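Trainee: Please find one structure pasted underneath; my questions will follow.
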Amino acid sequence: MADKPLLQSVPLKNLFDLSGQVAVVTGGSRGLGLQIAEALGEYGATIVITARKADELAEAVKYLQGLGIKAESHAGDMGKPEGVAAFIEWLGQAHDRVDILVNNAGTSWGATAEDHPIDGWNKVMALNLTGPFLITQAIGKRWMIPKGRGRVINIASVEGLQGHHVSMGGMLAYSTSKGGLVNFTRALAAEWGRYGITVNALAPGYFPSKLTEWILQRIETYVVEHTPLGKLGNDNDLKGAALLFASDAGGHITGQILAIDGGATII
Amino acid sequence: MTDRFRLDGSVAVVTGASGGVGSAGALALAEAGADVALVGRNRAKLDEAAKSVEAVGRRALIVESDVTDEAGVTRSAATILDAFGKVDILFNNAGITSPKTLADLPLEEWRRVIDVNLTGAYLCARAFAPGMVARKHGRIVNMGSVLSGRGMANRTVYSASKAGLANFGAALAFELGPHGITVNTIGATVMVTDLNRELIRTQPQLYQRVLGRTALGRLGEVDDATGVLVFLASDAARFITGQTIFVDGGYTAG
């Protein structure tokens, strides 16, 4: 009798390999999005980043290409249905393929609940929730479902897992939108599992960025003191988790929310 | 509607009844109409708690016993069932803590906390569940903590025991659900009692971390938990089971 191998094993480096795949990262021109784009590109994916500002996109593409990554960009507002439609149209021309979608574009609005303007609320919901819905729907329907495979990674936030004390400033719309994105992740994972598509979320804690600059000026000391690892997130802290969710290494993980926050939400 | 919160004709067992939360819980259950068996180790405190129960017109039974002693729990259960004929409500409240670093936590102290906080709840549930099953009705309420759902430095064994207690409750809810018994856990924040009142007054900095994360900006008073206790014990909560309800001024929301 022929020897049967103990495991039908694939080497780990192959499980993480993204060669030949196309990854879309919205809001990918800086900060967390750029960090994730770099990680997926380093492991072989062709990267498409979106953002509103063409000059920042050009700079980011140049940075990624400098690392030997195949990178392209599309300028547009993913908080608007027409912006999403134009992007999908462009994607069809450019690649006609998407394997990995990272819904990272997001915004915030600082205001106390009692004085929160509805315009700010609507702007946050449009980019943080409606944008991911529209992009995921379009990309899933056109490329992932027909192929029977796909990876969706939503960038939520620890603010989507809990509220926070009023001394840390008002961000009701942001927290609400991220909480919505958390359960969008679970609900969609449940619905699209049958198509071989995994849907997961990263919930970053506080990372220094343009978005968090204002709030961190006020609360950085408090955040650091109340984080078991005693530091903010850095330019490498999201890479491993993003690659895991994007690759075959995370192939049996779906509907999960992974906090990357130095332990802040477990105390 | 209000009548659904009444416990008239019910019999409740409260463990740790000599403590602040236990004696307040016993009184609240009595005010809602229940007769109460008071289980604890401090006779003088149990006498006080019994007087407060009798003062609102309910029967009180003092049972001096340690919940970690298997034979003692069996004897106590027999005594209570002899006196009252049945038990409808079990409030697993007896608990202790150990504020030590992992390096300084001796094994015997680890075991003692697990014994009181977890094994005690198990022994009491095991002693009273059969009667509840036979009568197709029962309410078990465990005294958990915010540390049933979160961690805190220097509270490893307490956190482990209270998270264990909450999930013991969830598991037991499934086991006893078919018999009409609900099992829930109260996730309380730091409660001001005779044990810590002086410490809170003289060393408030010890509690600053908790206060700074509490939306309502204060520690708990024992009566903050008794409303939930009576609710969970009553018919008003008959479709709630396996839950941990946090009574923490918003601590776990942040």
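So you can find residues: chains in the structure tokens are A, B, ... in the order shown, residues in each start at 1, and ligands are numbered from 1 in order.
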Select, as a PyMOL selection string, those residues of chain A with any atom no more than 10 Å from chain B (distances computed using only C-alpha atoms).
Mentor: chain A and resi 159+161-167+226+228+263+265-267
Trainee: Please identify all polymer residues within 8 Å of stretch 96-102 of chain A, counting only C-alpha atoms, omitting same-chain residues fewer than 4 positions from it, and present them as a count of residues only.
Mentor: 20
Trainee: Could you tell me how far atom CA of A:Glu42 sits from atom CA of A:Phe87, in Å to one decimal place?
Mentor: 23.9 Å
Trainee: Point out the residue among A:Gly160, A:Gly110, A:Pro81, A:Gly148 with the least atom-to-atom distance to A:Ser177, counting only C-alpha atoms.
Mentor: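 Using only C-alpha atoms, A:Ser177 sits closest to A:Gly160.
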Trainee: Can you pull out the residues contacting stretch 28-34 of chain B? Cut-off 10 Å, using only C-alpha atoms, and skip same-chain residues under 3 positions away; I want them as a short mmCIF file (atom, residue, chain, number, x, y, z; two decimals) with N, CA, C and O atoms, in the first residue's frame.
Mentor:
data_model
loop_
_atom_site.label_atom_id
_atom_site.label_comp_id
_atom_site.auth_asym_id
_atom_site.auth_seq_id
_atom_site.Cartn_x
_atom_site.Cartn_y
_atom_site.Cartn_z
N ASP B 3 -47.03 44.14 39.62
CA ASP B 3 -47.12 42.89 40.37
C ASP B 3 -46.16 41.83 39.86
O ASP B 3 -45.81 40.91 40.59
N PHE B 5 -43.20 42.11 39.36
CA PHE B 5 -41.92 42.24 40.06
C PHE B 5 -42.02 41.75 41.50
O PHE B 5 -41.04 41.73 42.22
N ARG B 6 -43.22 41.35 41.93
CA ARG B 6 -43.40 40.89 43.31
C ARG B 6 -42.91 39.44 43.46
O ARG B 6 -42.97 38.65 42.52
N LEU B 7 -42.44 39.13 44.67
CA LEU B 7 -41.95 37.78 44.93
C LEU B 7 -42.74 37.12 46.07
O LEU B 7 -42.25 36.19 46.71
N ASP B 8 -43.97 37.59 46.30
CA ASP B 8 -44.76 37.06 47.41
C ASP B 8 -44.89 35.53 47.31
O ASP B 8 -45.17 34.99 46.24
N GLY B 9 -44.67 34.87 48.43
CA GLY B 9 -44.80 33.42 48.47
C GLY B 9 -43.54 32.69 48.03
O GLY B 9 -43.47 31.47 48.06
N SER B 10 -42.53 33.44 47.60
CA SER B 10 -41.27 32.82 47.17
C SER B 10 -40.32 32.65 48.33
O SER B 10 -40.41 33.34 49.35
N VAL B 11 -39.38 31.70 48.16
CA VAL B 11 -38.31 31.52 49.13
C VAL B 11 -36.97 31.75 48.42
O VAL B 11 -36.73 31.18 47.35
N ALA B 12 -36.15 32.60 49.02
CA ALA B 12 -34.85 32.90 48.42
C ALA B 12 -33.72 32.47 49.34
O ALA B 12 -33.84 32.55 50.57
N VAL B 13 -32.64 32.00 48.75
CA VAL B 13 -31.41 31.71 49.50
C VAL B 13 -30.35 32.71 49.05
O VAL B 13 -30.13 32.88 47.85
N VAL B 14 -29.75 33.39 50.02
CA VAL B 14 -28.69 34.34 49.70
C VAL B 14 -27.40 33.87 50.36
O VAL B 14 -27.34 33.74 51.59
N GLY B 22 -24.76 41.16 50.00
CA GLY B 22 -25.64 40.05 50.37
C GLY B 22 -26.77 40.49 51.28
O GLY B 22 -27.94 40.13 51.06
N SER B 23 -26.44 41.28 52.30
CA SER B 23 -27.50 41.70 53.23
C SER B 23 -28.47 42.66 52.56
O SER B 23 -29.68 42.59 52.77
N ALA B 24 -27.94 43.54 51.68
CA ALA B 24 -28.84 44.44 50.95
C ALA B 24 -29.72 43.65 49.98
O ALA B 24 -30.91 43.95 49.82
N GLY B 25 -29.13 42.63 49.37
CA GLY B 25 -29.90 41.79 48.45
C GLY B 25 -30.99 41.04 49.18
O GLY B 25 -32.12 40.93 48.70
N ALA B 37 -33.48 32.76 53.32
CA ALA B 37 -32.48 32.03 54.09
C ALA B 37 -31.14 32.72 53.89
O ALA B 37 -30.71 32.96 52.77
N SER B 52 -33.42 42.79 59.63
CA SER B 52 -33.95 43.69 58.59
C SER B 52 -35.00 42.98 57.73
O SER B 52 -35.99 43.58 57.31
N VAL B 53 -34.81 41.67 57.50
CA VAL B 53 -35.79 40.89 56.74
C VAL B 53 -37.10 40.79 57.53
O VAL B 53 -38.20 41.00 57.00
N GLU B 54 -36.96 40.48 58.83
CA GLU B 54 -38.16 40.33 59.66
C GLU B 54 -38.88 41.66 59.84
O GLU B 54 -40.11 41.72 59.97
N ALA B 55 -38.11 42.75 59.82
CA ALA B 55 -38.70 44.08 59.99
C ALA B 55 -39.66 44.43 58.85
O ALA B 55 -40.54 45.27 59.01
N VAL B 56 -39.48 43.82 57.69
CA VAL B 56 -40.43 44.08 56.60
C VAL B 56 -41.48 42.97 56.50
O VAL B 56 -42.18 42.85 55.51
N GLY B 57 -41.56 42.14 57.56
CA GLY B 57 -42.65 41.18 57.65
C GLY B 57 -42.41 39.84 56.99
O GLY B 57 -43.34 39.06 56.79
N ARG B 58 -41.17 39.55 56.65
CA ARG B 58 -40.88 38.26 56.03
C ARG B 58 -40.13 37.36 57.01
O ARG B 58 -39.53 37.83 57.98
N ARG B 59 -40.14 36.07 56.72
CA ARG B 59 -39.41 35.12 57.55
C ARG B 59 -37.94 35.09 57.16
O ARG B 59 -37.62 35.13 55.97
N ALA B 60 -37.07 35.00 58.17
CA ALA B 60 -35.64 34.89 57.91
C ALA B 60 -35.11 33.64 58.60
O ALA B 60 -35.54 33.30 59.69
N ASP B 88 -37.11 28.93 45.69
CA ASP B 88 -37.39 29.43 44.34
C ASP B 88 -36.22 30.18 43.76
O ASP B 88 -36.04 30.22 42.55
N ILE B 89 -35.48 30.86 44.64
CA ILE B 89 -34.46 31.80 44.18
C ILE B 89 -33.15 31.50 44.89
O ILE B 89 -33.12 31.40 46.14
N ASP B 223 -27.26 49.22 46.84
CA ASP B 223 -28.62 49.24 46.30
C ASP B 223 -28.67 49.40 44.79
O ASP B 223 -29.71 49.20 44.17
N ALA B 225 -27.35 47.37 42.85
CA ALA B 225 -27.45 46.01 42.31
C ALA B 225 -28.75 45.32 42.70
O ALA B 225 -29.15 44.35 42.05
N THR B 226 -29.41 45.80 43.74
CA THR B 226 -30.55 45.04 44.25
C THR B 226 -31.76 45.10 43.32
O THR B 226 -32.56 44.16 43.27
N GLY B 227 -31.90 46.20 42.57
CA GLY B 227 -33.02 46.29 41.63
C GLY B 227 -32.93 45.21 40.56
O GLY B 227 -33.91 44.55 40.23
N LEU B 229 -31.30 42.44 40.85
CA LEU B 229 -31.48 41.15 41.52
C LEU B 229 -32.97 40.80 41.63
O LEU B 229 -33.39 39.69 41.25
N VAL B 230 -33.76 41.74 42.12
CA VAL B 230 -35.20 41.49 42.27
C VAL B 230 -35.84 41.24 40.90
O VAL B 230 -36.64 40.32 40.72
N PHE B 231 -35.43 42.05 39.93
CA PHE B 231 -35.95 41.87 38.57
C PHE B 231 -35.66 40.46 38.04
O PHE B 231 -36.56 39.75 37.59
N ALA B 233 -35.01 37.86 39.65
CA ALA B 233 -35.67 36.84 40.46
C ALA B 233 -37.17 36.77 40.18
O ALA B 233 -37.84 35.81 40.57
N SER B 234 -37.70 37.76 39.51
CA SER B 234 -39.16 37.88 39.38
C SER B 234 -39.68 37.33 38.06
O SER B 234 -38.92 37.01 37.15
#
Trainee: Would you pick out the contacts of B:Ala134 at 12 Å or less, using only C-alpha atoms, so that residues sharing its chain but fewer than 6 positions from it are not included, and give the list as a PyMOL selection string?
Mentor: chain B and resi 86-88+128+176+178-181
Trainee: Would you pick out the contacts of B:Leu105 at 10 Å or less, using only C-alpha atoms, so that residues sharing its chain but fewer than 4 positions from it are not included, and give the list as an MDAnalysis selection string?
Mentor: chainID B and resid 98:101 109:110 154:157
Trainee: Store the residues picked out above, limited to all heavy atoms, as a compact mmCIF listing (two decimals), in the first residue's frame.
Mentor:
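And here is the file that came out, selection_33.txt:
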# COMPACT_ATOMS: atom_id res chain seq x y z
N SER B 98 -8.53 38.83 45.70
CA SER B 98 -7.13 38.75 46.06
C SER B 98 -6.37 39.72 45.17
O SER B 98 -6.14 39.43 44.00
CB SER B 98 -6.62 37.32 45.84
OG SER B 98 -5.21 37.33 45.78
N PRO B 99 -6.00 40.89 45.69
CA PRO B 99 -5.38 41.91 44.85
C PRO B 99 -3.87 41.75 44.77
O PRO B 99 -3.14 42.64 45.17
CB PRO B 99 -5.77 43.20 45.57
CG PRO B 99 -5.86 42.81 47.00
CD PRO B 99 -6.21 41.36 47.06
N LYS B 100 -3.42 40.63 44.25
CA LYS B 100 -1.98 40.37 44.22
C LYS B 100 -1.46 40.23 42.79
O LYS B 100 -2.20 39.80 41.91
CB LYS B 100 -1.68 39.07 44.97
CG LYS B 100 -1.98 39.14 46.45
CD LYS B 100 -0.99 38.31 47.25
CE LYS B 100 -1.11 38.63 48.73
NZ LYS B 100 -1.73 37.52 49.47
N THR B 101 -0.19 40.57 42.60
CA THR B 101 0.43 40.31 41.30
C THR B 101 0.57 38.81 41.12
O THR B 101 0.58 38.06 42.10
CB THR B 101 1.83 40.92 41.19
OG1 THR B 101 2.69 40.26 42.13
CG2 THR B 101 1.80 42.42 41.49
N GLU B 109 -3.87 30.69 47.88
CA GLU B 109 -4.79 31.83 47.75
C GLU B 109 -5.57 31.74 46.43
O GLU B 109 -6.76 32.04 46.38
CB GLU B 109 -4.00 33.14 47.83
CG GLU B 109 -4.91 34.32 48.08
CD GLU B 109 -4.14 35.53 48.59
OE1 GLU B 109 -3.16 35.35 49.35
OE2 GLU B 109 -4.51 36.65 48.22
N TRP B 110 -4.88 31.35 45.37
CA TRP B 110 -5.56 31.10 44.09
C TRP B 110 -6.70 30.11 44.31
O TRP B 110 -7.84 30.32 43.91
CB TRP B 110 -4.56 30.57 43.05
CG TRP B 110 -5.21 30.02 41.81
CD1 TRP B 110 -5.75 28.77 41.65
CD2 TRP B 110 -5.41 30.69 40.56
NE1 TRP B 110 -6.26 28.63 40.38
CE2 TRP B 110 -6.08 29.79 39.69
CE3 TRP B 110 -5.09 31.97 40.08
CZ2 TRP B 110 -6.42 30.13 38.37
CZ3 TRP B 110 -5.44 32.30 38.76
CH2 TRP B 110 -6.10 31.40 37.93
N ASN B 154 -3.30 42.76 38.42
CA ASN B 154 -3.29 42.33 39.82
C ASN B 154 -4.62 41.74 40.30
O ASN B 154 -4.93 41.75 41.49
CB ASN B 154 -2.90 43.48 40.77
CG ASN B 154 -1.59 44.13 40.32
OD1 ASN B 154 -0.77 43.47 39.67
ND2 ASN B 154 -1.40 45.38 40.65
N ARG B 155 -5.43 41.29 39.37
CA ARG B 155 -6.70 40.65 39.73
C ARG B 155 -6.87 39.37 38.90
O ARG B 155 -7.97 39.06 38.47
CB ARG B 155 -7.89 41.57 39.43
CG ARG B 155 -7.95 42.85 40.23
CD ARG B 155 -8.31 42.61 41.69
NE ARG B 155 -8.56 43.86 42.39
CZ ARG B 155 -7.62 44.70 42.79
NH1 ARG B 155 -6.36 44.45 42.55
NH2 ARG B 155 -7.94 45.82 43.42
N THR B 156 -5.79 38.64 38.67
CA THR B 156 -5.89 37.50 37.77
C THR B 156 -6.87 36.45 38.27
O THR B 156 -7.75 36.02 37.54
CB THR B 156 -4.52 36.82 37.56
OG1 THR B 156 -3.91 36.62 38.83
CG2 THR B 156 -3.62 37.66 36.67
N VAL B 157 -6.74 36.07 39.52
CA VAL B 157 -7.59 34.97 39.98
C VAL B 157 -9.03 35.43 40.13
O VAL B 157 -9.97 34.69 39.81
CB VAL B 157 -7.05 34.35 41.29
CG1 VAL B 157 -7.07 35.35 42.44
CG2 VAL B 157 -7.87 33.11 41.65
Trainee: Taking 3 positions as the minimum chain separation for residues in the same chain, which residues sit within 9 Å of A:Lys239 when counting only C-alpha atoms? Answer as a list in words.
Mentor: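 Skipping anything fewer than 3 positions along the chain leaves Gln35, Ile36, Ala37, Glu38, Ala39, Leu40, Asp235, Asn236, Ala242, Leu243 and Leu244 of chain A.
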Trainee: When you look at A:Ala113 with a cut-off of 10 Å (counting only C-alpha atoms), what residues show up, excluding the ones that are within fewer than 2 positions of it in the same chain? I need them as an MDAnalysis selection string.
Mentor: chainID A and resid 110:111 115:117 170:173
Trainee: Would you list, as an MDAnalysis selection string, the residues of stretch 108-137 of chain A that end up in alpha helix (DSSP H) under DSSP run on this structure's backbone?
Mentor: chainID A and resid 118:125 131:137
Trainee: Keeping only C-alpha atoms, write those residues as a CSV table (one decimal), in the first residue's frame.
Mentor:
chain,number,residue,atom,x,y,z
A,118,ILE,CA,-26.7,66.3,10.8
A,119,ASP,CA,-24.4,67.2,8.0
A,120,GLY,CA,-21.4,65.8,9.9
A,121,TRP,CA,-23.4,62.7,10.8
A,122,ASN,CA,-24.4,62.1,7.2
A,123,LYS,CA,-20.8,62.6,5.9
A,124,VAL,CA,-19.4,60.0,8.4
A,125,MET,CA,-22.1,57.5,7.6
A,131,GLY,CA,-19.2,53.4,0.8
A,132,PRO,CA,-18.1,49.9,2.0
A,133,PHE,CA,-21.6,48.6,1.3
A,134,LEU,CA,-21.6,50.0,-2.3
A,135,ILE,CA,-18.1,49.0,-3.2
A,136,THR,CA,-18.3,45.5,-1.6
A,137,GLN,CA,-21.7,44.9,-3.3
